[in-house]
file input-v9.txt (compact mmCIF, C-alpha atoms and all ligand atoms)
# COMPACT_ATOMS: atom_id res chain seq x y z
CA MET A 79 41.90 23.94 44.60
CA LEU A 80 41.87 20.57 42.82
CA LYS A 81 40.07 19.00 45.77
CA GLN A 82 37.38 21.75 45.73
CA ASN A 83 36.75 21.15 42.01
CA TRP A 84 36.22 17.46 42.65
CA ILE A 85 33.70 18.20 45.37
CA ILE A 86 31.69 20.47 43.04
CA ILE A 87 31.82 17.95 40.20
CA SER A 88 30.60 15.12 42.39
CA ILE A 89 27.78 17.23 43.88
CA VAL A 90 26.57 18.34 40.43
CA GLY A 91 26.96 14.82 39.06
CA GLY A 92 25.00 13.37 41.96
CA LEU A 93 22.20 15.89 41.46
CA LEU A 94 22.03 15.11 37.74
CA LEU A 95 21.84 11.39 38.47
CA LEU A 96 19.03 12.00 40.96
CA LEU A 97 17.13 14.13 38.45
CA PHE A 98 17.59 11.54 35.73
CA SER A 99 16.32 8.66 37.86
CA GLU A 100 13.37 10.84 38.94
CA ILE A 101 12.43 11.42 35.28
CA MET A 102 12.81 7.74 34.45
CA GLU A 103 10.61 6.81 37.35
CA ALA A 104 7.93 9.31 36.40
CA THR A 105 7.72 7.98 32.87
CA ASN A 106 7.82 4.35 33.94
CA THR A 107 5.19 4.38 36.69
CA PRO A 108 2.68 1.79 35.51
CA GLU A 109 -0.38 3.50 37.07
CA GLN A 110 0.18 6.52 34.88
CA LYS A 111 -1.96 6.16 31.80
CA ILE A 112 -1.05 8.25 28.79
CA PRO A 113 -4.08 10.49 28.22
CA GLU A 114 -5.90 9.94 24.96
CA LEU A 115 -5.19 12.55 22.29
CA LYS A 116 -7.65 15.39 22.49
CA GLN A 117 -8.29 15.71 18.78
CA ASP A 118 -9.50 12.10 18.76
CA ALA A 119 -12.71 13.11 20.46
CA TRP A 120 -15.20 15.67 19.30
CA ILE A 121 -14.91 19.15 20.76
CA ALA A 122 -18.23 20.86 21.27
CA PRO A 123 -18.62 24.47 20.11
CA SER A 124 -18.76 27.31 22.61
CA LEU A 125 -21.43 30.00 22.64
CA TYR A 126 -18.87 32.50 23.89
CA LEU A 127 -16.52 31.87 21.00
CA ASP A 128 -19.13 31.53 18.28
CA ARG A 129 -19.91 35.11 17.31
CA SER A 130 -21.53 34.08 14.02
CA LEU A 131 -24.73 33.42 15.95
CA GLU A 132 -26.58 36.67 16.34
CA GLY A 133 -29.87 38.27 17.29
CA LYS A 134 -32.99 36.09 17.46
CA GLU A 135 -31.10 32.99 16.36
CA ARG A 136 -28.63 33.38 19.22
CA GLU A 137 -31.45 33.94 21.71
CA LEU A 138 -33.17 30.77 20.55
CA VAL A 139 -30.00 28.66 20.89
CA ILE A 140 -29.37 30.09 24.37
CA TYR A 141 -32.95 29.28 25.41
CA GLY A 142 -32.53 25.76 23.99
CA GLU A 143 -29.43 25.17 26.08
CA GLU A 144 -31.22 26.50 29.16
CA LEU A 145 -34.17 24.13 28.56
CA ILE A 146 -31.86 21.15 28.19
CA ALA A 147 -29.84 22.02 31.29
CA ASN A 148 -32.79 23.04 33.51
CA THR A 149 -35.74 21.26 31.91
CA SER A 150 -37.59 20.86 35.18
CA LYS A 151 -37.71 24.60 35.87
CA TYR A 152 -39.75 25.07 32.68
CA LEU A 153 -41.43 21.74 31.97
CA GLY A 154 -41.34 19.83 35.28
CA PRO A 155 -44.29 19.19 37.66
CA LYS A 156 -43.99 22.81 38.84
CA GLY A 157 -42.68 24.12 35.52
CA SER A 158 -43.18 27.76 34.51
CA VAL A 159 -44.13 26.91 30.90
CA ALA A 160 -46.05 23.64 31.24
CA ALA A 161 -46.17 20.67 33.60
CA VAL A 162 -45.38 17.89 31.14
CA THR A 163 -42.39 15.94 32.56
CA ASN A 164 -41.27 13.96 35.62
CA GLY A 165 -38.91 16.64 36.96
CA MET A 166 -35.69 15.31 35.47
CA ASN A 167 -33.47 17.41 33.20
CA CYS A 168 -32.28 16.37 29.74
CA GLN A 169 -28.81 17.15 31.08
CA ASN A 170 -29.10 14.43 33.73
CA CYS A 171 -28.43 11.96 30.91
CA HIS A 172 -26.86 14.27 28.29
CA LEU A 173 -24.06 15.77 30.37
CA ASN A 174 -23.00 19.42 30.03
CA ALA A 175 -26.15 20.07 28.00
CA GLY A 176 -25.15 17.32 25.57
CA ARG A 177 -21.60 18.54 24.96
CA LYS A 178 -19.53 16.02 26.88
CA SER A 179 -17.64 13.32 24.98
CA TRP A 180 -18.76 9.91 26.23
CA GLY A 181 -21.44 11.77 28.20
CA ASN A 182 -24.26 10.82 25.76
CA ASN A 183 -23.76 14.04 23.79
CA TYR A 184 -25.63 15.49 20.82
CA GLY A 185 -22.58 15.72 18.55
CA ALA A 186 -23.89 13.24 15.97
CA VAL A 187 -27.52 14.38 15.83
CA ALA A 188 -27.48 17.20 13.28
CA ALA A 189 -25.27 15.13 10.95
CA ASN A 190 -27.43 11.99 11.07
CA TYR A 191 -31.08 13.02 11.26
CA PRO A 192 -33.60 12.57 9.76
CA LYS A 193 -32.80 8.87 9.77
CA PHE A 194 -34.54 5.52 9.71
CA ARG A 195 -34.90 3.97 13.16
CA ASP A 196 -35.92 0.39 13.76
CA ARG A 197 -37.69 1.23 17.04
CA SER A 198 -40.44 3.10 15.20
CA GLY A 199 -39.86 1.50 11.80
CA SER A 200 -39.91 4.95 10.23
CA ILE A 201 -37.79 7.92 9.23
CA GLU A 202 -37.38 10.04 12.34
CA THR A 203 -36.75 13.77 12.55
CA VAL A 204 -34.94 15.42 15.44
CA TYR A 205 -38.40 16.56 16.70
CA LYS A 206 -39.54 12.97 16.90
CA ARG A 207 -36.32 11.93 18.64
CA VAL A 208 -36.56 14.71 21.23
CA ASN A 209 -40.20 13.84 21.88
CA ASP A 210 -39.18 10.19 22.33
CA CYS A 211 -37.02 11.30 25.26
CA MET A 212 -39.88 13.54 26.49
CA GLU A 213 -42.31 10.60 26.54
CA ARG A 214 -39.90 7.94 27.79
CA SER A 215 -36.84 9.30 29.60
CA LEU A 216 -38.82 12.17 31.10
CA ASN A 217 -41.97 10.00 31.30
CA GLY A 218 -43.96 12.98 30.02
CA LYS A 219 -45.87 14.39 27.07
CA ALA A 220 -44.63 15.28 23.61
CA LEU A 221 -44.14 18.96 22.78
CA ASP A 222 -45.77 20.56 19.75
CA SER A 223 -43.07 20.90 17.10
CA ASN A 224 -44.10 24.55 16.58
CA SER A 225 -43.75 25.46 20.26
CA ARG A 226 -40.98 27.88 21.15
CA GLU A 227 -39.52 25.26 23.50
CA MET A 228 -39.18 22.59 20.80
CA GLN A 229 -37.86 25.14 18.30
CA ALA A 230 -35.26 26.27 20.84
CA MET A 231 -34.04 22.75 21.70
CA MET A 232 -33.86 21.97 17.98
CA ALA A 233 -31.86 25.12 17.26
CA TYR A 234 -29.45 24.31 20.08
CA ILE A 235 -28.97 20.66 19.07
CA LYS A 236 -28.37 21.69 15.45
CA TRP A 237 -25.86 24.33 16.51
CA VAL A 238 -24.01 21.87 18.78
CA GLY A 239 -23.49 19.47 15.87
CA ASN A 240 -22.81 22.15 13.28
CA ASP A 241 -19.20 21.21 12.54
CA VAL A 242 -19.78 17.47 12.27
CA VAL A 243 -19.53 16.13 8.72
CA LYS A 244 -22.85 14.84 7.32
CA ASP A 245 -23.48 11.12 8.04
CA SER A 246 -20.42 10.80 10.29
CA THR A 247 -20.40 9.92 13.99
CA PRO A 248 -17.61 11.47 16.05
CA LYS A 249 -15.75 9.35 18.57
CA GLY A 250 -17.34 9.62 22.01
CA SER A 251 -20.88 10.35 20.85
CA GLY A 252 -23.84 8.32 22.10
CA ILE A 253 -23.31 5.49 24.57
CA GLN A 254 -20.87 2.58 24.21
CA PRO A 255 -21.61 -0.58 26.17
CA PRO A 256 -18.88 -2.03 28.43
CA VAL A 257 -17.27 -5.33 27.40
CA TYR A 258 -19.90 -8.09 27.44
CA LEU A 259 -19.67 -10.55 30.35
CA ASP A 260 -19.65 -14.35 30.09
CA ARG A 261 -22.48 -14.50 32.62
CA ALA A 262 -25.83 -12.80 33.12
CA ALA A 263 -25.67 -9.45 34.91
CA SER A 264 -26.61 -9.89 38.57
CA PRO A 265 -29.08 -7.62 40.43
CA GLU A 266 -27.84 -9.12 43.74
CA LYS A 267 -24.22 -8.18 43.08
CA GLY A 268 -25.40 -4.84 41.68
CA SER A 269 -27.21 -4.05 44.92
CA ILE A 270 -23.85 -4.17 46.74
CA VAL A 271 -22.28 -1.85 44.16
CA TYR A 272 -25.25 0.50 44.53
CA SER A 273 -24.92 0.77 48.32
CA ALA A 274 -21.19 1.41 48.10
CA LYS A 275 -20.99 3.77 45.14
CA CYS A 276 -24.34 5.31 44.23
CA GLN A 277 -26.60 5.52 47.23
CA SER A 278 -24.87 8.52 48.81
CA CYS A 279 -26.22 10.74 46.03
CA HIS A 280 -29.14 8.88 44.45
CA GLY A 281 -30.70 7.75 47.77
CA ALA A 282 -31.40 4.44 49.51
CA ASN A 283 -34.57 3.96 47.46
CA GLY A 284 -33.27 5.45 44.22
CA GLU A 285 -35.50 8.45 44.84
CA GLY A 286 -32.79 11.08 44.26
CA LEU A 287 -32.70 14.38 46.13
CA LEU A 288 -34.87 17.40 45.37
CA ALA A 289 -33.24 20.83 45.57
CA ALA A 290 -34.41 23.25 48.28
CA ASP A 291 -36.81 24.97 45.82
CA GLY A 292 -38.64 21.64 45.43
CA LYS A 293 -38.68 22.09 41.65
CA SER A 294 -35.65 20.26 40.38
CA TYR A 295 -33.30 17.50 41.43
CA THR A 296 -29.85 17.99 42.88
CA TYR A 297 -29.44 14.23 42.41
CA PRO A 298 -31.89 12.72 39.92
CA PRO A 299 -33.95 9.61 40.75
CA LEU A 300 -32.91 6.20 39.38
CA TRP A 301 -36.16 4.36 39.97
CA GLY A 302 -39.67 4.93 41.32
CA SER A 303 -42.48 7.12 40.02
CA ASN A 304 -40.30 10.12 39.06
CA SER A 305 -37.77 8.12 37.04
CA TYR A 306 -37.57 7.18 33.35
CA ASN A 307 -40.12 4.62 32.15
CA SER A 308 -39.76 1.11 30.71
CA GLY A 309 -39.62 2.48 27.15
CA ALA A 310 -36.54 4.65 27.83
CA GLY A 311 -33.08 3.98 26.42
CA LEU A 312 -31.62 3.61 29.92
CA PHE A 313 -34.00 0.73 30.62
CA ARG A 314 -31.80 -1.31 28.27
CA LEU A 315 -28.87 -2.72 30.23
CA SER A 316 -26.20 -1.85 27.65
CA ARG A 317 -27.25 1.83 27.62
CA PHE A 318 -27.36 2.11 31.40
CA ALA A 319 -24.11 0.20 31.96
CA GLY A 320 -22.26 2.19 29.28
CA TYR A 321 -23.44 5.57 30.50
CA VAL A 322 -22.67 4.77 34.12
CA ARG A 323 -19.28 3.21 33.44
CA ASP A 324 -18.08 6.31 31.59
CA ASN A 325 -19.68 8.93 33.86
CA MET A 326 -20.60 7.76 37.35
CA PRO A 327 -20.09 8.62 40.16
CA LEU A 328 -20.38 12.08 38.63
CA ASN A 329 -17.05 13.95 38.50
CA GLN A 330 -15.18 10.91 39.79
CA ALA A 331 -15.21 8.83 36.63
CA SER A 332 -14.48 9.28 32.95
CA HIS A 333 -14.21 7.17 29.82
CA ASN A 334 -10.43 6.92 30.31
CA ALA A 335 -10.55 6.45 34.06
CA PRO A 336 -13.79 4.70 35.03
CA ALA A 337 -14.62 4.25 38.71
CA LEU A 338 -16.45 0.96 38.10
CA SER A 339 -15.19 -2.24 36.52
CA ASP A 340 -17.16 -3.53 33.52
CA GLU A 341 -18.69 -6.18 35.79
CA GLU A 342 -19.78 -3.61 38.36
CA ALA A 343 -21.32 -1.46 35.62
CA TRP A 344 -23.39 -4.39 34.25
CA ASP A 345 -24.42 -5.54 37.72
CA VAL A 346 -25.50 -2.13 38.98
CA ALA A 347 -27.46 -1.67 35.73
CA ALA A 348 -29.20 -4.99 36.43
CA PHE A 349 -30.00 -3.93 39.98
CA VAL A 350 -31.40 -0.48 39.12
CA ASN A 351 -33.42 -1.78 36.17
CA SER A 352 -34.95 -4.54 38.34
CA ARG A 353 -36.52 -1.90 40.65
CA PRO A 354 -40.06 -0.56 40.05
CA ARG A 355 -40.59 2.32 37.60
CA PRO A 356 -43.37 3.73 35.39
CA SER A 357 -44.27 1.54 32.43
CA LYS A 358 -45.05 2.55 28.88
CA ASP A 359 -47.22 0.88 26.26
CA LEU A 360 -44.62 -0.38 23.80
CA SER A 361 -46.92 -2.30 21.48
CA GLY A 362 -46.07 0.02 18.57
CA ASP A 363 -42.30 -0.34 19.02
CA TRP A 364 -40.03 -2.47 16.80
CA PRO A 365 -42.64 -3.30 14.14
CA ASN A 366 -40.02 -5.67 12.68
CA ILE A 367 -39.42 -7.83 15.75
CA SER A 368 -36.22 -9.33 14.35
CA LYS A 369 -34.66 -5.86 14.71
CA LYS A 370 -35.13 -5.65 18.47
CA PRO A 371 -31.79 -4.92 20.18
CA ILE A 372 -30.23 -7.85 22.01
CA ASP A 373 -31.01 -6.16 25.34
CA HIS A 374 -34.62 -5.16 24.62
CA PRO A 375 -36.40 -6.90 27.49
CA PHE A 376 -39.85 -7.33 25.92
CA GLY A 377 -40.72 -10.18 23.53
CA PRO A 378 -41.73 -11.67 21.19
CA TYR A 379 -38.37 -12.37 19.52
CA THR A 380 -37.25 -14.36 16.51
CA ASP A 381 -34.01 -15.64 18.07
CA GLY A 382 -35.41 -18.13 20.60
CA PHE A 383 -34.06 -16.43 23.74
CA SER A 384 -36.32 -15.51 26.67
CA GLU A 385 -37.25 -12.06 28.01
CA THR A 386 -35.03 -12.69 31.06
CA GLU A 387 -32.06 -13.55 28.85
CA HIS A 388 -32.70 -10.44 26.77
CA LYS A 389 -32.91 -8.35 29.93
CA TYR A 390 -29.87 -9.58 31.88
CA GLY A 391 -27.79 -11.59 29.39
CA PRO A 392 -25.44 -13.33 28.95
CA PHE A 393 -25.48 -11.40 25.66
CA LYS A 394 -22.67 -13.12 23.76
CA PRO A 395 -24.79 -16.22 22.89
CA ILE A 396 -27.55 -13.92 21.60
CA ILE A 397 -25.07 -12.01 19.44
CA GLU A 398 -23.74 -15.33 18.08
CA ALA A 399 -27.22 -16.69 17.36
CA ARG A 400 -28.14 -13.53 15.48
CA LYS A 401 -24.98 -13.70 13.39
CA LYS A 402 -25.94 -17.26 12.39
CA GLN A 403 -29.49 -16.17 11.54
CA GLN A 404 -28.04 -13.42 9.40
CA LYS A 405 -25.74 -15.82 7.55
CA GLN A 406 -28.59 -18.27 6.88
CA LYS A 407 -30.67 -15.44 5.47
CA SER A 408 -27.98 -14.26 3.09
CA ALA A 409 -27.00 -17.83 2.08
C1 LIG B 501 -33.13 9.30 31.63
C2 LIG B 501 -32.12 9.67 30.67
C3 LIG B 501 -32.46 10.64 29.57
C4 LIG B 501 -33.07 11.86 29.64
C5 LIG B 501 -33.60 12.55 30.87
C6 LIG B 501 -33.11 12.38 28.29
N1 LIG B 501 -32.54 11.51 27.43
FE1 LIG B 501 -32.24 11.79 25.43
N2 LIG B 501 -31.39 9.93 25.30
C7 LIG B 501 -31.19 9.08 26.35
C8 LIG B 501 -30.61 7.84 25.84
C9 LIG B 501 -30.24 6.62 26.69
C10 LIG B 501 -30.47 7.98 24.45
C11 LIG B 501 -29.95 6.94 23.44
C12 LIG B 501 -28.45 6.94 23.41
C13 LIG B 501 -27.87 5.76 22.62
O1 LIG B 501 -28.58 4.79 22.41
O2 LIG B 501 -26.67 5.83 22.27
C14 LIG B 501 -30.98 9.32 24.15
C15 LIG B 501 -30.99 9.87 22.86
C16 LIG B 501 -31.35 11.17 22.56
C17 LIG B 501 -31.20 11.79 21.26
C18 LIG B 501 -30.63 11.10 20.01
C19 LIG B 501 -29.13 11.10 20.07
C20 LIG B 501 -28.48 10.43 18.86
O3 LIG B 501 -27.25 10.62 18.70
O4 LIG B 501 -29.15 9.72 18.11
C21 LIG B 501 -31.65 13.07 21.37
C22 LIG B 501 -31.70 14.12 20.28
C23 LIG B 501 -32.09 13.26 22.75
N3 LIG B 501 -31.88 12.09 23.44
C24 LIG B 501 -32.60 14.43 23.26
C25 LIG B 501 -33.07 14.58 24.57
C26 LIG B 501 -33.71 15.77 25.05
C27 LIG B 501 -33.89 17.05 24.26
C28 LIG B 501 -34.06 15.52 26.35
C29 LIG B 501 -34.86 16.41 27.27
C30 LIG B 501 -36.13 16.91 26.73
C31 LIG B 501 -33.59 14.19 26.68
N4 LIG B 501 -33.02 13.65 25.56
C32 LIG B 501 -33.69 13.60 27.93
C33 LIG B 501 -31.47 9.31 27.68
C34 LIG B 501 -32.12 10.42 28.17
C1 LIG B 502 -21.44 12.37 43.79
C2 LIG B 502 -22.84 12.13 43.55
C3 LIG B 502 -23.18 10.96 42.63
C4 LIG B 502 -22.83 9.63 42.75
C5 LIG B 502 -22.03 9.00 43.89
C6 LIG B 502 -23.44 8.94 41.65
N1 LIG B 502 -24.14 9.82 40.86
FE1 LIG B 502 -25.28 9.36 39.25
N2 LIG B 502 -25.70 11.32 38.95
C7 LIG B 502 -25.30 12.34 39.80
C8 LIG B 502 -25.77 13.60 39.25
C9 LIG B 502 -25.60 14.99 39.89
C10 LIG B 502 -26.43 13.30 38.05
C11 LIG B 502 -27.04 14.31 37.07
C12 LIG B 502 -25.94 14.96 36.26
C13 LIG B 502 -26.30 16.30 35.66
O1 LIG B 502 -27.47 16.65 35.63
O2 LIG B 502 -25.36 17.00 35.22
C14 LIG B 502 -26.40 11.85 37.92
C15 LIG B 502 -27.01 11.14 36.87
C16 LIG B 502 -27.12 9.76 36.83
C17 LIG B 502 -27.89 9.02 35.85
C18 LIG B 502 -28.75 9.58 34.73
C19 LIG B 502 -29.97 10.25 35.26
C20 LIG B 502 -30.95 9.37 35.98
O3 LIG B 502 -31.29 9.73 37.13
O4 LIG B 502 -31.41 8.34 35.45
C21 LIG B 502 -27.70 7.69 36.12
C22 LIG B 502 -28.31 6.51 35.39
C23 LIG B 502 -26.82 7.60 37.27
N3 LIG B 502 -26.49 8.88 37.66
C24 LIG B 502 -26.40 6.42 37.84
C25 LIG B 502 -25.47 6.35 38.88
C26 LIG B 502 -24.96 5.10 39.40
C27 LIG B 502 -25.37 3.71 38.95
C28 LIG B 502 -24.06 5.41 40.39
C29 LIG B 502 -23.19 4.49 41.17
C30 LIG B 502 -22.25 3.71 40.41
C31 LIG B 502 -24.06 6.88 40.49
N4 LIG B 502 -24.92 7.40 39.56
C32 LIG B 502 -23.31 7.59 41.43
C33 LIG B 502 -24.57 12.22 40.95
C34 LIG B 502 -24.00 11.06 41.43

call {"tool": "encode", "arguments": {"input": "input-v9.txt", "output": "structure tokens", "more": "lines below"}}
Ligand code: HEC
Ligand code: HEC
result
Amino acid sequence: MLKQNWIIISIVGGLLLLLFSEIMEATNTPEQKIPELKQDAWIAPSLYLDRSLEGKERELVIYGEELIANTSKYLGPKGSVAAVTNGMNCQNCHLNAGRKSWGNNYGAVAANYPKFRDRSGSIETVYKRVNDCMERSLNGKALDSNSREMQAMMAYIKWVGNDVVKDSTPKGSGIQPPVYLDRAASPEKGSIVYSAKCQSCHGANGEGLLAADGKSYTYPPLWGSNSYNSGAGLFRLSRFAGYVRDNMPLNQASHNAPALSDEEAWDVAAFVNSRPRPSKDLSGDWPNISKKPIDHPFGPYTDGFSETEHKYGPFKPIIEARKKQQKQKSA
């Protein structure tokens, strides 16, 4: 009897010890990153849950979302409404119709526009900002602000950012650049990254892949005649590298678990943005040339760095030089 008890006690004890060490191991494994708290990031509203939107207003918001997700179907080269864009979708660069944290979302738009932007040197409305992407990212034509399409996209973008406090920018909105390198970004190194990690979807010549209907892209182009033009945000290395680091390859990378190192992100950005693409007349941009972003690749500049340095970096010396300029001005 006594012997039997001892056997049971040692079996149970052994099992407990095993369980305990299992738990310890699980919590100590270094590869396991603690996920970032959800409430830190912005949570986009849901059309299904938001029943306050009704009737015509609801229809307009739904059409706006549809236009942003499937732009090409309506506004692409074979679009049912008008042929005014290159065939890309807004969603290609504003993931989940602009609702994904760190996916270049629209969370901050309603709360921050109209606002002054240095690129145009003027106060910009959301209409103007959407048309900027129409003319640059979609290499197309501006929409009339009274058109149903513009009204719908506006209504949707406003609704998406409804809960964001005026003049605030939620974490995870827009694009954050990766950590700056101590060297210039390298198109040669980026070409190797591209072949290994991008080409399978975006194509050997960056041409993307058209869907069977020939109207929209399954994988959007990264360069060539159907891609964004030289005036687009993604043509700046920090925008491209930041977007790609947090989101590409699609569904295999996230802000918390990127698939590329910071170096790879900068290098692949340098490679893609050294390939041919449509150009845009930018003579009206940045009327105050001292306000050009550090990675705006077209001079003239006031900081003494060349166009090549502004295109590929290294960016830290430019940031330093600008800080000094700033100090001298205020002294
Ligand atoms: C090729 C990529 C691309 C496409 C396609 C694109 N955009 Fe953009 N968009 C950008 C980038 C890059 C920015 C600037 C983000 C930044 O600098 O943080 C931007 C910014 C914006 C902003 C301002 C966001 C803010 O917080 O200030 C709006 C609004 C916008 N886009 C709407 C649209 C709409 C609507 C479409 C489709 C008609 C579209 N975009 C298509 C890349 C794109
Ligand atoms: C598994 C397929 C896949 C891989 C691999 C992939 N992408 Fe993408 N990429 C996509 C899809 C699909 C989209 C459009 C997303 C959407 O519309 O929801 C996209 C969008 C983009 C965009 C914005 C739209 C455009 O065409 O300009 C860029 C930039 C981009 N990818 C760069 C890259 C880079 C750089 C790599 C390699 C590091 C990469 N992608 C790897 C599928 C992929």

call {"tool": "closest_atom_pairs", "arguments": {"input": "input-v9.txt", "of": "chain A", "to": "ligand LIG 501 (chain B)", "cutoff": "6 Å", "atoms": "all atoms listed in the file", "output": "JSON lines"}}
result
{"residue": "A:Ile146", "atom": "CA", "partner": "B:LIG501", "partner_atom": "C29", "distance": 5.7}
{"residue": "A:Met166", "atom": "CA", "partner": "B:LIG501", "partner_atom": "C5", "distance": 5.8}
{"residue": "A:Asn167", "atom": "CA", "partner": "B:LIG501", "partner_atom": "C5", "distance": 5.4}
{"residue": "A:Cys168", "atom": "CA", "partner": "B:LIG501", "partner_atom": "C29", "distance": 3.6}
{"residue": "A:Asn170", "atom": "CA", "partner": "B:LIG501", "partner_atom": "C5", "distance": 5.7}
{"residue": "A:Cys171", "atom": "CA", "partner": "B:LIG501", "partner_atom": "C2", "distance": 4.3}
{"residue": "A:Tyr184", "atom": "CA", "partner": "B:LIG501", "partner_atom": "O3", "distance": 5.6}
{"residue": "A:Ala186", "atom": "CA", "partner": "B:LIG501", "partner_atom": "O3", "distance": 5.1}
{"residue": "A:Val187", "atom": "CA", "partner": "B:LIG501", "partner_atom": "O3", "distance": 4.7}
{"residue": "A:Val204", "atom": "CA", "partner": "B:LIG501", "partner_atom": "C22", "distance": 6.0}
{"residue": "A:Arg207", "atom": "CA", "partner": "B:LIG501", "partner_atom": "C22", "distance": 5.4}
{"residue": "A:Val208", "atom": "CA", "partner": "B:LIG501", "partner_atom": "C24", "distance": 4.5}
{"residue": "A:Cys211", "atom": "CA", "partner": "B:LIG501", "partner_atom": "N4", "distance": 4.6}
{"residue": "A:Met212", "atom": "CA", "partner": "B:LIG501", "partner_atom": "C30", "distance": 5.0}
{"residue": "A:Ser215", "atom": "CA", "partner": "B:LIG501", "partner_atom": "C1", "distance": 4.2}
{"residue": "A:Leu216", "atom": "CA", "partner": "B:LIG501", "partner_atom": "C5", "distance": 5.2}
{"residue": "A:Gly252", "atom": "CA", "partner": "B:LIG501", "partner_atom": "O2", "distance": 3.8}
{"residue": "A:Ile253", "atom": "CA", "partner": "B:LIG501", "partner_atom": "O2", "distance": 4.1}
{"residue": "A:Tyr306", "atom": "CA", "partner": "B:LIG501", "partner_atom": "C1", "distance": 5.2}
{"residue": "A:Gly311", "atom": "CA", "partner": "B:LIG501", "partner_atom": "C9", "distance": 3.9}
{"residue": "A:Leu312", "atom": "CA", "partner": "B:LIG501", "partner_atom": "C9", "distance": 4.6}
{"residue": "A:Arg317", "atom": "CA", "partner": "B:LIG501", "partner_atom": "C9", "distance": 5.7}

call {"tool": "residues_near_ligand", "arguments": {"input": "input-v9.txt", "ligand": "ligand LIG 502 (chain B)", "cutoff": "7 Å", "atoms": "all atoms listed in the file", "output": "VMD selection string"}}
result
chain A and resid 167 169 to 171 173 to 174 271 to 272 275 to 280 296 to 300 305 to 306 318 321 to 322 326 to 328 338 346 to 347

call {"tool": "closest_residue", "arguments": {"input": "input-v9.txt", "among": "A:Ala331, A:Ala348, A:Leu221, A:Ala119", "to": "A:Leu315", "atoms": "all atoms listed in the file"}}
result
A:Ala348

call {"tool": "atom_distance", "arguments": {"input": "input-v9.txt", "atom1": "atom CA of A:Ser273", "atom2": "atom CA of A:Leu288"}}
result
19.6 Å

call {"tool": "atom_distance", "arguments": {"input": "input-v9.txt", "atom1": "atom CA of A:Lys394", "atom2": "atom CA of A:Arg314"}}
result
15.6 Å

call {"tool": "closest_residue", "arguments": {"input": "input-v9.txt", "among": "A:Glu266, A:Asp196, A:Asp373, A:Asp245", "to": "A:Thr386", "atoms": "only C-alpha atoms"}}
result
A:Asp373

call {"tool": "residues_around", "arguments": {"input": "input-v9.txt", "residues": "stretch 133-138 of chain A", "least_positions_apart": "3", "cutoff": "10 Å", "atoms": "only C-alpha atoms", "output": "list in words"}}
result
Leu125, Asp128, Arg129, Ser130, Tyr141, Gly142, Glu143, Glu144, Arg226, Glu227, Gln229, Ala230, Met231, Met232, Ala233, Tyr234 and Trp237 of chain A

call {"tool": "atom_distance", "arguments": {"input": "input-v9.txt", "atom1": "atom CA of A:Gly218", "atom2": "atom CA of A:Leu153"}}
result
9.3 Å

call {"tool": "residues_around", "arguments": {"input": "input-v9.txt", "residues": "A:Trp301", "least_positions_apart": "4", "cutoff": "7 Å", "atoms": "all atoms listed in the file", "output": "list in words"}}
result
Gly284, Glu285, Ser305, Val350, Arg353, Pro354 and Arg355 of chain A

call {"tool": "closest_residue", "arguments": {"input": "input-v9.txt", "among": "A:Pro392, A:Pro265, A:Gly292, A:Gly176", "to": "A:Glu342", "atoms": "only C-alpha atoms"}}
result
A:Pro265

call {"tool": "residues_around", "arguments": {"input": "input-v9.txt", "residues": "A:Ile367", "least_positions_apart": "2", "cutoff": "9 Å", "atoms": "all atoms listed in the file", "output": "list in words"}}
result
Asp363, Trp364, Pro365, Lys369, Lys370, Gly377, Pro378, Tyr379 and Thr380 of chain A

call {"tool": "closest_residue", "arguments": {"input": "input-v9.txt", "among": "A:Ser361, A:Gln404, A:Ser264, A:Ser269", "to": "A:Lys389", "atoms": "all atoms listed in the file"}}
result
A:Ser264

call {"tool": "axis_aligned_box", "arguments": {"input": "input-v9.txt", "around": "stretch 234-238 of chain A", "padding_each_side": "5 Å", "output": "AutoDock Vina command-line options"}}
result
--center_x -26.7 --center_y 22.5 --center_z 17.8 --size_x 15.4 --size_y 13.7 --size_z 14.6

call {"tool": "residues_around", "arguments": {"input": "input-v9.txt", "residues": "A:Glu341", "least_positions_apart": "6", "cutoff": "9 Å", "atoms": "only C-alpha atoms", "output": "ChimeraX atom specification"}}
result
/A:256-259,263

call {"tool": "build_atoms", "arguments": {"input": "input-v9.txt", "residues": "stretch 343-348 of chain A", "atoms": "N, CA and C atoms", "output": "CSV table (one decimal), in the coordinates of the input"}}
result
chain,number,residue,atom,x,y,z
A,343,ALA,N,-20.4,-2.3,36.4
A,343,ALA,CA,-21.3,-1.5,35.6
A,343,ALA,C,-22.5,-2.3,35.2
A,344,TRP,N,-22.3,-3.5,34.7
A,344,TRP,CA,-23.4,-4.4,34.2
A,344,TRP,C,-24.3,-4.8,35.4
A,345,ASP,N,-23.6,-5.1,36.6
A,345,ASP,CA,-24.4,-5.5,37.7
A,345,ASP,C,-25.3,-4.4,38.3
A,346,VAL,N,-24.7,-3.2,38.4
A,346,VAL,CA,-25.5,-2.1,39.0
A,346,VAL,C,-26.6,-1.8,38.0
A,347,ALA,N,-26.4,-1.9,36.7
A,347,ALA,CA,-27.5,-1.7,35.7
A,347,ALA,C,-28.6,-2.7,35.9
A,348,ALA,N,-28.2,-3.9,36.2
A,348,ALA,CA,-29.2,-5.0,36.4
A,348,ALA,C,-30.0,-4.7,37.7
